[in-house]
Amino acid sequence: QVQLVESGGGLVQAGGSLRLSCAASGRTFHDAAMGWFRQVLGKEREFVAGISWNGGASKYGDSVKGRFDISRNNAANTVYLRMSNLEPEDTAVYYCAADLHKDGAYYSGSYSPSAYAYWGQGTQVTVSP
């Protein structure tokens, strides 16, 4: 079992930055690739970033490459998403999720939401023009 709780969302002006945190409980966290997704009402959940269990590999959705950075601290049971140069199009509810599939030490999670076994409740990020 893994329980996930996101925090750090809020209102920010375009060009600003935010850091989201995802606090995890459960031993499985240390073995899991972790992902961040986002969703706008009426649209599909979109992959944002993923990171391997050891933090050695990461990947990003095309729309956030070069602006967002995912990291994790397994000792603190926390995954982070540092978001910079935010745009109004980044406005969404952001979710963290755990992917329990084992696909090598540098598996950084699936692009598909259906691959993730556990989800947090989400945190709202709103970027004003």
# chains A, B, ... in the order shown; residues from 1 in each chain; ligands from 1

$ residues_around --residues "Ser112 (chain A)" --least-positions-apart "3" --cutoff "8 Å" --atoms "only C-alpha atoms" --output "list in words"
Phe47, Ala115 and Tyr116 of chain A

$ write_last_selection --atoms "N, CA and C atoms" --output "PDB file, in the first residue's frame"
ATOM      1  N   PHE A  47       0.352  13.295 -18.788  1.00  0.00           N
ATOM      2  CA  PHE A  47       1.645  12.998 -18.160  1.00  0.00           C
ATOM      3  C   PHE A  47       2.492  14.263 -18.113  1.00  0.00           C
ATOM      4  N   ALA A 115      -1.259   2.761 -15.816  1.00  0.00           N
ATOM      5  CA  ALA A 115      -0.170   1.948 -15.273  1.00  0.00           C
ATOM      6  C   ALA A 115       0.100   2.226 -13.804  1.00  0.00           C
ATOM      7  N   TYR A 116      -0.487   3.267 -13.268  1.00  0.00           N
ATOM      8  CA  TYR A 116      -0.194   3.691 -11.901  1.00  0.00           C
ATOM      9  C   TYR A 116      -1.213   3.114 -10.923  1.00  0.00           C
TER      10      TYR A 116
END

$ residues_around --residues "region 75-84 of chain A" --least-positions-apart "6" --cutoff "8 Å" --atoms "only C-alpha atoms" --output "ChimeraX atom specification"
/A:15-25,29-30,34,36,67-69

$ closest_residue --among "A:Gly8, A:Leu100, A:Ala92, A:Lys43" --to "Arg27 (chain A)" --atoms "only C-alpha atoms"
A:Leu100

$ select_by_dssp --residues "region 15-95 of chain A" --states "strand (DSSP E or B)" --output "ChimeraX atom specification"
/A:18-25,33-39,46-51,58-60,68-73,78-83,92-95

$ closest_residue --among "A:Ala33, A:Leu11, A:Leu4, A:Leu86" --to "Ser110 (chain A)" --atoms "only C-alpha atoms"
A:Ala33

$ closest_residue --among "A:Ser7, A:Asn74, A:Ser63, A:Ser114" --to "Thr28 (chain A)" --atoms "only C-alpha atoms"
A:Asn74
